[in-house]
$ cat entry.cif   # mmCIF, C-alpha atoms and all ligand atoms
data_target
#
loop_
_atom_site.label_atom_id
_atom_site.label_comp_id
_atom_site.auth_asym_id
_atom_site.auth_seq_id
_atom_site.Cartn_x
_atom_site.Cartn_y
_atom_site.Cartn_z
CA MET A 1 0.00 0.00 0.00
CA ARG A 2 1.00 3.65 -0.45
CA ILE A 3 0.53 5.28 2.94
CA LEU A 4 0.67 8.94 3.99
CA ILE A 5 1.55 9.85 7.58
CA THR A 6 0.89 13.45 8.57
CA GLY A 7 3.06 14.45 11.53
CA GLY A 8 5.50 11.84 10.23
CA ALA A 9 8.59 13.62 11.57
CA GLY A 10 7.24 13.56 15.12
CA PHE A 11 7.72 11.05 17.90
CA ILE A 12 4.95 8.50 17.18
CA GLY A 13 4.82 9.30 13.45
CA SER A 14 8.47 8.40 12.88
CA HIS A 15 8.07 5.05 14.67
CA LEU A 16 4.99 4.37 12.57
CA CYS A 17 7.05 5.08 9.41
CA ASP A 18 9.57 2.45 10.57
CA GLU A 19 6.95 -0.22 11.15
CA LEU A 20 4.97 0.39 7.96
CA LEU A 21 8.19 0.24 5.93
CA LYS A 22 9.07 -3.05 7.67
CA GLN A 23 5.71 -4.42 6.49
CA GLY A 24 6.68 -3.55 2.89
CA HIS A 25 4.50 -0.50 2.35
CA GLU A 26 5.50 2.67 0.53
CA VAL A 27 5.51 5.50 3.07
CA LEU A 28 5.13 9.25 2.54
CA ALA A 29 5.82 11.26 5.68
CA MET A 30 4.37 14.78 5.69
CA ASP A 31 5.29 17.38 8.30
CA ASN A 32 5.87 21.13 8.55
CA LEU A 33 8.58 20.50 11.17
CA ILE A 34 7.04 22.94 13.64
CA THR A 35 7.99 20.60 16.48
CA GLY A 36 9.05 17.48 14.58
CA SER A 37 12.56 16.88 13.30
CA LEU A 38 14.15 15.35 10.22
CA ARG A 39 16.58 13.68 12.64
CA ASN A 40 13.75 11.26 13.47
CA LEU A 41 13.67 10.17 9.82
CA ALA A 42 17.38 10.46 8.94
CA HIS A 43 17.82 6.67 8.95
CA LEU A 44 15.07 6.30 6.31
CA THR A 45 16.02 8.89 3.71
CA THR A 46 17.94 6.47 1.47
CA ARG A 47 15.11 3.93 1.40
CA PRO A 48 13.47 3.95 -2.08
CA SER A 49 10.02 3.26 -0.59
CA PHE A 50 10.23 6.28 1.71
CA SER A 51 9.79 9.96 0.96
CA PHE A 52 9.35 13.13 2.98
CA ILE A 53 7.07 16.02 2.02
CA GLU A 54 7.47 19.29 3.91
CA HIS A 55 3.97 20.74 4.11
CA ASP A 56 1.66 22.49 6.55
CA VAL A 57 -1.56 20.44 6.62
CA THR A 58 -3.64 23.47 7.55
CA LYS A 59 -3.17 24.35 3.84
CA PRO A 60 -4.81 22.11 1.22
CA ILE A 61 -2.89 18.87 0.73
CA HIS A 62 -1.89 17.65 -2.73
CA VAL A 63 -0.15 14.34 -3.24
CA ASP A 64 0.76 13.01 -6.67
CA GLY A 65 -0.31 9.45 -7.44
CA PRO A 66 -2.43 7.06 -5.43
CA VAL A 67 -2.81 7.05 -1.65
CA ASP A 68 -4.38 3.97 -0.05
CA ALA A 69 -4.32 4.97 3.60
CA ILE A 70 -3.67 8.07 5.71
CA TYR A 71 -2.55 8.13 9.32
CA HIS A 72 -3.37 11.68 10.43
CA LEU A 73 -1.06 12.47 13.35
CA ALA A 74 -0.12 16.12 12.73
CA SER A 75 -0.83 18.03 15.92
CA LEU A 76 0.70 19.99 18.79
CA PRO A 77 0.09 17.52 21.62
CA SER A 78 2.51 18.70 24.28
CA PRO A 79 0.81 20.94 26.87
CA VAL A 80 3.76 23.35 26.72
CA ASP A 81 3.39 23.64 22.92
CA TYR A 82 -0.37 24.03 22.79
CA LEU A 83 -0.37 26.59 25.57
CA GLU A 84 2.23 28.59 23.62
CA MET A 85 0.58 28.08 20.20
CA PRO A 86 -3.17 27.90 20.87
CA ILE A 87 -4.34 29.06 17.45
CA LYS A 88 -1.97 26.77 15.52
CA THR A 89 -3.21 23.93 17.73
CA LEU A 90 -6.84 24.63 16.87
CA LYS A 91 -5.99 25.07 13.18
CA VAL A 92 -4.10 21.78 12.84
CA GLY A 93 -6.87 19.90 14.65
CA ALA A 94 -9.65 21.52 12.63
CA LEU A 95 -8.31 22.64 9.22
CA GLY A 96 -5.59 19.98 9.17
CA THR A 97 -8.13 17.21 9.77
CA TYR A 98 -10.53 18.72 7.21
CA ASN A 99 -7.75 18.77 4.59
CA ALA A 100 -6.60 15.24 5.43
CA LEU A 101 -10.20 14.00 5.08
CA GLY A 102 -10.54 15.87 1.78
CA LEU A 103 -7.45 14.09 0.49
CA ALA A 104 -8.76 10.74 1.72
CA LYS A 105 -12.04 11.34 -0.11
CA ALA A 106 -10.30 12.42 -3.33
CA LYS A 107 -7.97 9.38 -3.29
CA GLY A 108 -10.47 6.83 -1.96
CA ALA A 109 -8.11 6.25 0.97
CA SER A 110 -8.95 5.13 4.48
CA LEU A 111 -8.03 7.59 7.25
CA LEU A 112 -7.02 7.00 10.85
CA LEU A 113 -7.29 10.02 13.15
CA ALA A 114 -4.86 10.17 16.07
CA SER A 115 -7.20 11.47 18.75
CA THR A 116 -6.46 11.58 22.44
CA SER A 117 -7.56 10.73 25.96
CA GLU A 118 -7.84 14.51 26.38
CA VAL A 119 -11.28 14.28 24.75
CA TYR A 120 -12.36 12.93 28.16
CA GLY A 121 -11.05 16.12 29.82
CA ASP A 122 -10.81 15.81 33.62
CA PRO A 123 -12.82 12.58 33.72
CA ARG A 124 -15.67 11.87 36.09
CA ILE A 125 -15.69 8.18 35.11
CA HIS A 126 -12.72 5.99 35.86
CA PRO A 127 -11.26 4.17 33.98
CA GLN A 128 -12.48 5.80 30.79
CA PRO A 129 -14.47 3.70 28.28
CA GLU A 130 -15.09 5.03 24.77
CA THR A 131 -18.76 5.52 25.63
CA TYR A 132 -17.88 8.30 28.11
CA TRP A 133 -18.49 11.77 26.61
CA GLY A 134 -15.98 13.56 28.78
CA ASN A 135 -15.65 16.61 30.97
CA VAL A 136 -13.83 19.31 28.98
CA ASN A 137 -13.67 23.01 29.78
CA PRO A 138 -14.00 24.51 26.28
CA VAL A 139 -12.79 27.97 27.33
CA GLY A 140 -9.89 26.86 29.56
CA PRO A 141 -6.28 26.90 28.30
CA ARG A 142 -6.29 23.14 27.54
CA GLY A 143 -9.53 23.57 25.58
CA VAL A 144 -7.56 24.49 22.44
CA TYR A 145 -6.12 20.98 22.22
CA ASP A 146 -9.08 19.06 23.64
CA GLU A 147 -11.68 20.81 21.50
CA SER A 148 -9.52 20.61 18.36
CA LYS A 149 -9.45 16.83 18.78
CA ARG A 150 -13.17 16.68 19.64
CA PHE A 151 -13.88 18.65 16.46
CA ALA A 152 -11.49 16.33 14.57
CA GLU A 153 -13.44 13.30 15.80
CA ALA A 154 -16.76 14.93 14.85
CA ILE A 155 -15.66 15.83 11.31
CA THR A 156 -14.12 12.39 10.83
CA MET A 157 -17.46 10.79 11.73
CA ALA A 158 -19.26 13.26 9.44
CA TYR A 159 -17.06 12.24 6.48
CA HIS A 160 -17.63 8.60 7.34
CA ARG A 161 -21.41 9.03 7.51
CA THR A 162 -21.79 11.46 4.59
CA HIS A 163 -19.22 10.14 2.12
CA ASP A 164 -18.97 6.54 3.33
CA LEU A 165 -15.26 7.12 3.90
CA GLU A 166 -13.44 4.34 5.74
CA THR A 167 -12.27 6.02 8.93
CA ARG A 168 -10.77 5.11 12.31
CA ILE A 169 -10.44 7.10 15.53
CA ALA A 170 -7.65 6.13 17.94
CA ARG A 171 -7.94 7.73 21.39
CA ILE A 172 -4.31 7.61 22.39
CA PHE A 173 -3.36 7.74 26.07
CA ASN A 174 0.06 8.93 27.34
CA THR A 175 2.71 7.29 25.18
CA PHE A 176 6.47 7.47 25.63
CA GLY A 177 9.69 6.21 24.08
CA PRO A 178 12.83 7.23 22.19
CA ARG A 179 12.52 10.30 19.91
CA MET A 180 10.39 12.28 22.34
CA ARG A 181 11.78 15.80 22.38
CA LEU A 182 13.90 16.36 25.47
CA ASP A 183 12.41 19.81 25.87
CA ASP A 184 8.78 19.14 24.94
CA GLY A 185 7.69 19.74 28.53
CA ARG A 186 5.83 16.46 28.94
CA VAL A 187 6.44 14.53 32.12
CA VAL A 188 8.51 11.68 30.63
CA PRO A 189 11.21 13.84 28.97
CA ASN A 190 11.18 16.30 31.89
CA PHE A 191 11.76 13.67 34.58
CA CYS A 192 14.25 11.62 32.52
CA ARG A 193 16.31 14.71 31.66
CA GLN A 194 16.23 15.98 35.23
CA ALA A 195 17.20 12.58 36.69
CA ILE A 196 20.04 12.00 34.19
CA LEU A 197 21.47 15.45 34.90
CA GLY A 198 21.07 15.01 38.67
CA ASN A 199 18.64 17.92 38.90
CA PRO A 200 15.50 17.89 41.07
CA LEU A 201 12.43 16.26 39.47
CA THR A 202 9.68 18.88 39.20
CA VAL A 203 6.49 17.29 40.48
CA TYR A 204 3.60 19.72 40.01
CA ASP A 205 1.34 20.38 43.00
CA ASP A 206 1.32 17.31 45.27
CA GLY A 207 1.96 14.67 42.58
CA SER A 208 -1.31 12.86 43.27
CA ARG A 209 -2.61 13.13 39.71
CA THR A 210 -2.44 9.82 37.87
CA ARG A 211 -1.48 8.78 34.37
CA SER A 212 -1.08 5.45 32.56
CA PHE A 213 1.96 5.18 30.28
CA CYS A 214 2.19 3.11 27.10
CA TYR A 215 5.44 2.25 25.31
CA VAL A 216 5.58 3.48 21.73
CA SER A 217 6.02 0.06 20.04
CA ASP A 218 2.79 -1.15 21.65
CA LEU A 219 0.96 1.96 20.57
CA VAL A 220 2.19 1.73 16.98
CA GLU A 221 1.08 -1.90 16.82
CA GLY A 222 -2.35 -0.82 18.08
CA LEU A 223 -2.63 1.91 15.43
CA MET A 224 -1.79 -0.52 12.64
CA LEU A 225 -4.25 -3.14 13.91
CA LEU A 226 -6.93 -0.49 14.22
CA MET A 227 -6.38 0.55 10.61
CA GLU A 228 -6.51 -3.09 9.46
CA ARG A 229 -9.28 -4.55 11.59
CA GLY A 230 -11.11 -1.68 13.25
CA ASP A 231 -14.38 0.09 12.63
CA ALA A 232 -15.35 3.75 12.57
CA MET A 233 -16.14 4.19 16.27
CA PRO A 234 -13.37 5.39 18.64
CA VAL A 235 -10.95 2.92 20.22
CA ASN A 236 -8.84 3.65 23.31
CA LEU A 237 -5.16 2.74 22.90
CA GLY A 238 -3.01 2.91 26.00
CA ASN A 239 -1.56 0.91 28.84
CA PRO A 240 -4.01 0.48 31.74
CA ARG A 241 -1.25 0.42 34.38
CA GLU A 242 -1.94 3.61 36.30
CA MET A 243 0.31 5.42 38.77
CA SER A 244 0.55 8.76 40.52
CA ILE A 245 3.00 11.27 39.12
CA LEU A 246 4.86 11.18 42.44
CA ASP A 247 5.35 7.40 42.13
CA PHE A 248 6.36 7.92 38.53
CA ALA A 249 9.07 10.37 39.65
CA ARG A 250 10.33 7.79 42.19
CA THR A 251 10.39 5.11 39.46
CA ILE A 252 12.48 7.33 37.16
CA ILE A 253 14.96 8.10 39.96
CA GLU A 254 15.32 4.39 40.68
CA LEU A 255 15.75 3.36 37.04
CA THR A 256 18.30 6.09 36.32
CA GLU A 257 20.08 5.37 39.63
CA SER A 258 20.08 9.13 40.07
CA PRO A 259 20.96 11.14 43.18
CA SER A 260 18.17 13.59 42.21
CA GLU A 261 15.59 14.67 44.73
CA ILE A 262 11.95 15.47 44.14
CA THR A 263 10.78 19.06 44.32
CA PHE A 264 7.09 19.99 44.52
CA ILE A 265 6.24 23.08 42.54
CA VAL A 266 3.02 24.96 41.93
CA PRO A 267 3.22 26.29 38.36
CA GLN A 268 2.06 29.89 38.21
CA ASP A 269 1.22 29.68 34.50
CA ALA A 270 -1.62 27.70 32.88
CA ARG A 271 0.25 24.35 32.81
CA THR A 272 -1.85 22.67 35.49
CA LYS A 273 -5.13 24.48 34.88
CA ASP A 274 -7.79 21.81 34.18
CA ASP A 275 -4.99 19.20 34.35
CA PRO A 276 -6.88 15.86 34.57
CA GLN A 277 -6.71 14.38 38.09
CA THR A 278 -6.84 10.79 36.87
CA ARG A 279 -6.43 8.96 33.59
CA GLN A 280 -6.60 5.27 32.79
CA PRO A 281 -7.83 3.66 29.58
CA ASP A 282 -10.49 1.00 29.57
CA ILE A 283 -9.08 -1.08 26.71
CA THR A 284 -11.81 -3.74 26.57
CA ARG A 285 -12.80 -2.59 23.09
CA ALA A 286 -9.22 -2.71 21.74
CA ARG A 287 -8.80 -6.18 23.24
CA THR A 288 -11.98 -7.60 21.75
CA LEU A 289 -12.08 -5.77 18.41
CA LEU A 290 -8.37 -5.85 17.60
CA GLY A 291 -6.95 -8.57 19.82
CA TRP A 292 -4.56 -5.88 21.03
CA THR A 293 -3.02 -5.53 24.44
CA PRO A 294 0.18 -3.70 25.43
CA LYS A 295 3.12 -6.02 26.03
CA VAL A 296 6.06 -3.84 27.12
CA ARG A 297 6.43 -3.45 30.88
CA LEU A 298 6.65 0.18 32.00
CA GLU A 299 10.12 -0.33 33.52
CA ASP A 300 11.48 -1.98 30.35
CA GLY A 301 10.14 0.78 28.14
CA LEU A 302 11.53 3.41 30.49
CA LEU A 303 15.00 1.80 30.49
CA ARG A 304 15.08 1.93 26.67
CA THR A 305 13.87 5.54 26.73
CA ILE A 306 16.37 6.60 29.40
CA ALA A 307 19.22 5.05 27.39
CA TRP A 308 18.12 7.07 24.38
CA PHE A 309 17.84 10.32 26.36
CA ARG A 310 21.33 9.71 27.78
CA GLU A 311 22.72 9.50 24.22
CA GLN A 312 20.94 12.74 23.27
CA LEU A 313 22.32 14.55 26.29
CA GLN A 314 25.86 13.42 25.43
CA ASP A 315 25.63 14.78 21.85
P1 LIG B 1 4.80 15.08 18.06
O1 LIG B 1 4.70 16.51 18.48
O2 LIG B 1 6.10 14.38 18.27
O3 LIG B 1 4.39 14.92 16.54
C1 LIG B 1 3.42 15.73 15.92
C2 LIG B 1 4.00 16.17 14.59
O4 LIG B 1 3.02 16.98 13.91
C3 LIG B 1 5.26 17.02 14.70
O5 LIG B 1 6.29 16.43 13.94
C4 LIG B 1 4.86 18.38 14.13
O6 LIG B 1 5.92 19.04 13.48
C5 LIG B 1 3.72 17.99 13.20
N1 LIG B 1 2.80 19.08 12.91
C6 LIG B 1 2.21 19.93 13.77
N2 LIG B 1 1.45 20.82 13.12
C7 LIG B 1 1.55 20.52 11.78
C8 LIG B 1 1.01 21.08 10.61
N3 LIG B 1 0.19 22.15 10.65
N4 LIG B 1 1.33 20.52 9.42
C9 LIG B 1 2.15 19.45 9.35
N5 LIG B 1 2.71 18.87 10.44
C10 LIG B 1 2.41 19.41 11.65
O7 LIG B 1 3.62 14.32 18.82
P2 LIG B 1 3.37 12.77 19.09
O8 LIG B 1 3.52 12.55 20.53
O9 LIG B 1 4.15 11.96 18.12
O10 LIG B 1 1.83 12.66 18.75
C11 LIG B 1 1.36 12.18 17.50
C12 LIG B 1 -0.16 12.17 17.50
O11 LIG B 1 -0.65 11.36 18.57
C13 LIG B 1 -0.78 13.55 17.71
O12 LIG B 1 -1.91 13.69 16.89
C14 LIG B 1 -1.20 13.56 19.16
O13 LIG B 1 -2.28 14.42 19.38
C15 LIG B 1 -1.54 12.11 19.38
N6 LIG B 1 -1.37 11.74 20.80
C16 LIG B 1 -0.13 11.54 21.34
C17 LIG B 1 -0.02 11.21 22.68
C18 LIG B 1 1.33 10.98 23.32
O14 LIG B 1 1.35 10.68 24.54
N7 LIG B 1 2.43 11.05 22.64
C19 LIG B 1 -1.17 11.07 23.48
C20 LIG B 1 -2.41 11.31 22.89
C21 LIG B 1 -2.51 11.62 21.55
N1 LIG B 2 3.91 16.96 35.30
C1 LIG B 2 4.69 17.14 36.42
N2 LIG B 2 5.96 17.63 36.23
C2 LIG B 2 6.48 17.91 35.01
C3 LIG B 2 5.67 17.72 33.88
C4 LIG B 2 4.39 17.25 34.04
O1 LIG B 2 4.27 16.90 37.55
O2 LIG B 2 7.65 18.34 34.94
C5 LIG B 2 2.55 16.40 35.46
C6 LIG B 2 1.45 17.19 34.76
O3 LIG B 2 0.95 18.21 35.61
C7 LIG B 2 0.41 16.10 34.50
C8 LIG B 2 1.25 14.84 34.29
O4 LIG B 2 2.53 15.12 34.84
O5 LIG B 2 -0.42 15.93 35.64
C9 LIG B 2 1.40 14.45 32.82
O6 LIG B 2 1.79 15.60 32.12
P1 LIG B 2 2.20 15.61 30.58
O7 LIG B 2 2.57 17.01 30.26
O8 LIG B 2 3.20 14.56 30.30
O9 LIG B 2 0.92 15.19 29.75
P2 LIG B 2 -0.65 15.20 29.96
O10 LIG B 2 -0.96 13.83 30.42
O11 LIG B 2 -1.04 16.23 30.97
O12 LIG B 2 -1.15 15.50 28.61
#

$ encode --input "entry.cif" --output "structure tokens" --more "lines below"
Ligand code: NAD
Ligand code: UDP
Amino acid sequence: MRILITGGAGFIGSHLCDELLKQGHEVLAMDNLITGSLRNLAHLTTRPSFSFIEHDVTKPIHVDGPVDAIYHLASLPSPVDYLEMPIKTLKVGALGTYNALGLAKAKGASLLLASTSEVYGDPRIHPQPETYWGNVNPVGPRGVYDESKRFAEAITMAYHRTHDLETRIARIFNTFGPRMRLDDGRVVPNFCRQAILGNPLTVYDDGSRTRSFCYVSDLVEGLMLLMERGDAMPVNLGNPREMSILDFARTIIELTESPSEITFIVPQDARTKDDPQTRQPDITRARTLLGWTPKVRLEDGLLRTIAWFREQLQD
């Protein structure tokens, strides 16, 4: 198949390029490099079945030749990025998804939307099944990301229902692994960098908020299975093992064998405004529909990620 990945120079997108190429597909990675990097794709540039297209998906997308499938990942998913670039975040979620769907329709391609657990907002139901409609503050600072993805889900369903387009919606929960940006502000790169450098780990507020972390190879496998075997309704993809951010900080210190201490800080900016208190995927649907379940233990995934961050910090 000839497959387009928007956001292909990002963290998850570049791993998806690797796996689709391994399966023998032709892969076109599209990215405007606003936060992504060609370094993530450098090992692929000599492959004849791989090409990179620099393009902003908020502008109409033209691709020569056939396209069989589109993985639409372009987005600004790091809280630090979307708080700094709220309008770009809304535009890539809304206009970017509209353009990607337009291309899918024109080419007769199937489209998978990378949505997010953030559509559940600060959830009142725990763990979160796909049937939960969420608790999002549309006018809060996180609303720009959450609502852009909620709009993206709505327009994806509209294209499916109106034009009979084959679509998928993956609600991705916190995912980590090599190629995350060291400075993207998310908790995994922050804590790993701080622990490797021997600096204090910055736990926001009292560290009692919870998250569930999925290793990137598991997530990529889930995305590919969803494209192959899924249906149009949303599917949660994530690792159900949940822990508090404070315990997560302790785990990182242990795995890095770092002398770092933990410091509790109360961010004065919007970083923790509407920050979900808990988050854990109910993956019953992914298990039954796709036969998918995450395999990589948190500690094993973290050790691989820490090794990669160490290399980056030495460069
Ligand atoms: P990332 O920031 O590493 O990758 C996103 C890519 O999109 C970047 O390379 C960026 O340059 C590109 N991009 C942004 N705006 C663009 C535009 N207008 N045109 C073209 N390219 C553009 O993020 P990621 O962690 O790899 O996330 C990939 C997808 O998965 C996103 O859609 C995100 O919302 C979703 N997701 C990720 C997580 C996670 O924990 N990593 C969780 C939930 C959802
Ligand atoms: N967090 C933290 N310290 C940091 C970065 C993040 O305590 O240096 C917290 C953040 O407030 C949130 C959780 O870790 O409760 C996960 O944050 P992240 O930015 O990784 O992603 P989110 O799950 O909020 O999208």

$ axis_aligned_box --input "entry.cif" --around "ligand LIG 1 (chain B)" --padding-each-side "3 Å" --output "AutoDock Vina command-line options"
--center_x 1.9 --center_y 16.4 --center_z 16.9 --size_x 14.8 --size_y 17.5 --size_z 21.2

$ closest_residue --input "entry.cif" --among "A:Ser14, A:Thr58, A:Ser244, A:Thr89" --to "Pro141 in chain A" --atoms "all atoms listed in the file"
A:Thr89

$ residues_near_point --input "entry.cif" --point "(-7.3, 23.6, 15.1)" --cutoff "7 Å" --atoms "all atoms listed in the file" --output "PDB file with C-alpha atoms, keeping the file's coordinate frame"
ATOM      1  CA  ILE A  87      -4.340  29.060  17.450  1.00  0.00           C
ATOM      2  CA  LYS A  88      -1.970  26.770  15.520  1.00  0.00           C
ATOM      3  CA  THR A  89      -3.210  23.930  17.730  1.00  0.00           C
ATOM      4  CA  LEU A  90      -6.840  24.630  16.870  1.00  0.00           C
ATOM      5  CA  LYS A  91      -5.990  25.070  13.180  1.00  0.00           C
ATOM      6  CA  VAL A  92      -4.100  21.780  12.840  1.00  0.00           C
ATOM      7  CA  GLY A  93      -6.870  19.900  14.650  1.00  0.00           C
ATOM      8  CA  ALA A  94      -9.650  21.520  12.630  1.00  0.00           C
ATOM      9  CA  LEU A  95      -8.310  22.640   9.220  1.00  0.00           C
ATOM     10  CA  SER A 148      -9.520  20.610  18.360  1.00  0.00           C
TER      11      SER A 148
END

$ closest_residue --input "entry.cif" --among "A:Asn174, A:Ser208, A:Thr202, A:Ser115" --to "Arg241 in chain A" --atoms "all atoms listed in the file"
A:Asn174

$ closest_residue --input "entry.cif" --among "A:Met233, A:Ile252, A:Ala106, A:Met85" --to "Thr156 in chain A" --atoms "only C-alpha atoms"
A:Met233

$ atom_distance --input "entry.cif" --atom1 "CA of Tyr98 in chain A" --atom2 "CA of Ala170 in chain A"
16.8 Å

$ residues_near_ligand --input "entry.cif" --ligand "ligand LIG 1 (chain B)" --cutoff "8 Å" --atoms "only C-alpha atoms and all ligand atoms" --output "ChimeraX atom specification"
/A:6-14,30-37,54-59,72-78,88-89,91-92,96,113-118,149,171-176,179-181,213

$ closest_atom_pairs --input "entry.cif" --of "chain A" --to "ligand LIG 2 (chain B)" --cutoff "6 Å" --atoms "all atoms listed in the file" --output "Markdown table"
| residue | atom | partner | partner_atom | distance |
| --- | --- | --- | --- | --- |
| A:Pro79 | CA | B:LIG2 | O7 | 5.5 |
| A:Asn174 | CA | B:LIG2 | O10 | 5.9 |
| A:Arg186 | CA | B:LIG2 | O8 | 3.5 |
| A:Val187 | CA | B:LIG2 | O8 | 3.7 |
| A:Asn190 | CA | B:LIG2 | O2 | 5.1 |
| A:Thr202 | CA | B:LIG2 | O2 | 4.7 |
| A:Val203 | CA | B:LIG2 | O1 | 3.7 |
| A:Tyr204 | CA | B:LIG2 | O1 | 3.8 |
| A:Gly207 | CA | B:LIG2 | O1 | 6.0 |
| A:Arg209 | CA | B:LIG2 | O5 | 5.4 |
| A:Ile245 | CA | B:LIG2 | O4 | 5.8 |
| A:Thr272 | CA | B:LIG2 | O3 | 5.3 |
| A:Asp275 | CA | B:LIG2 | O5 | 5.8 |
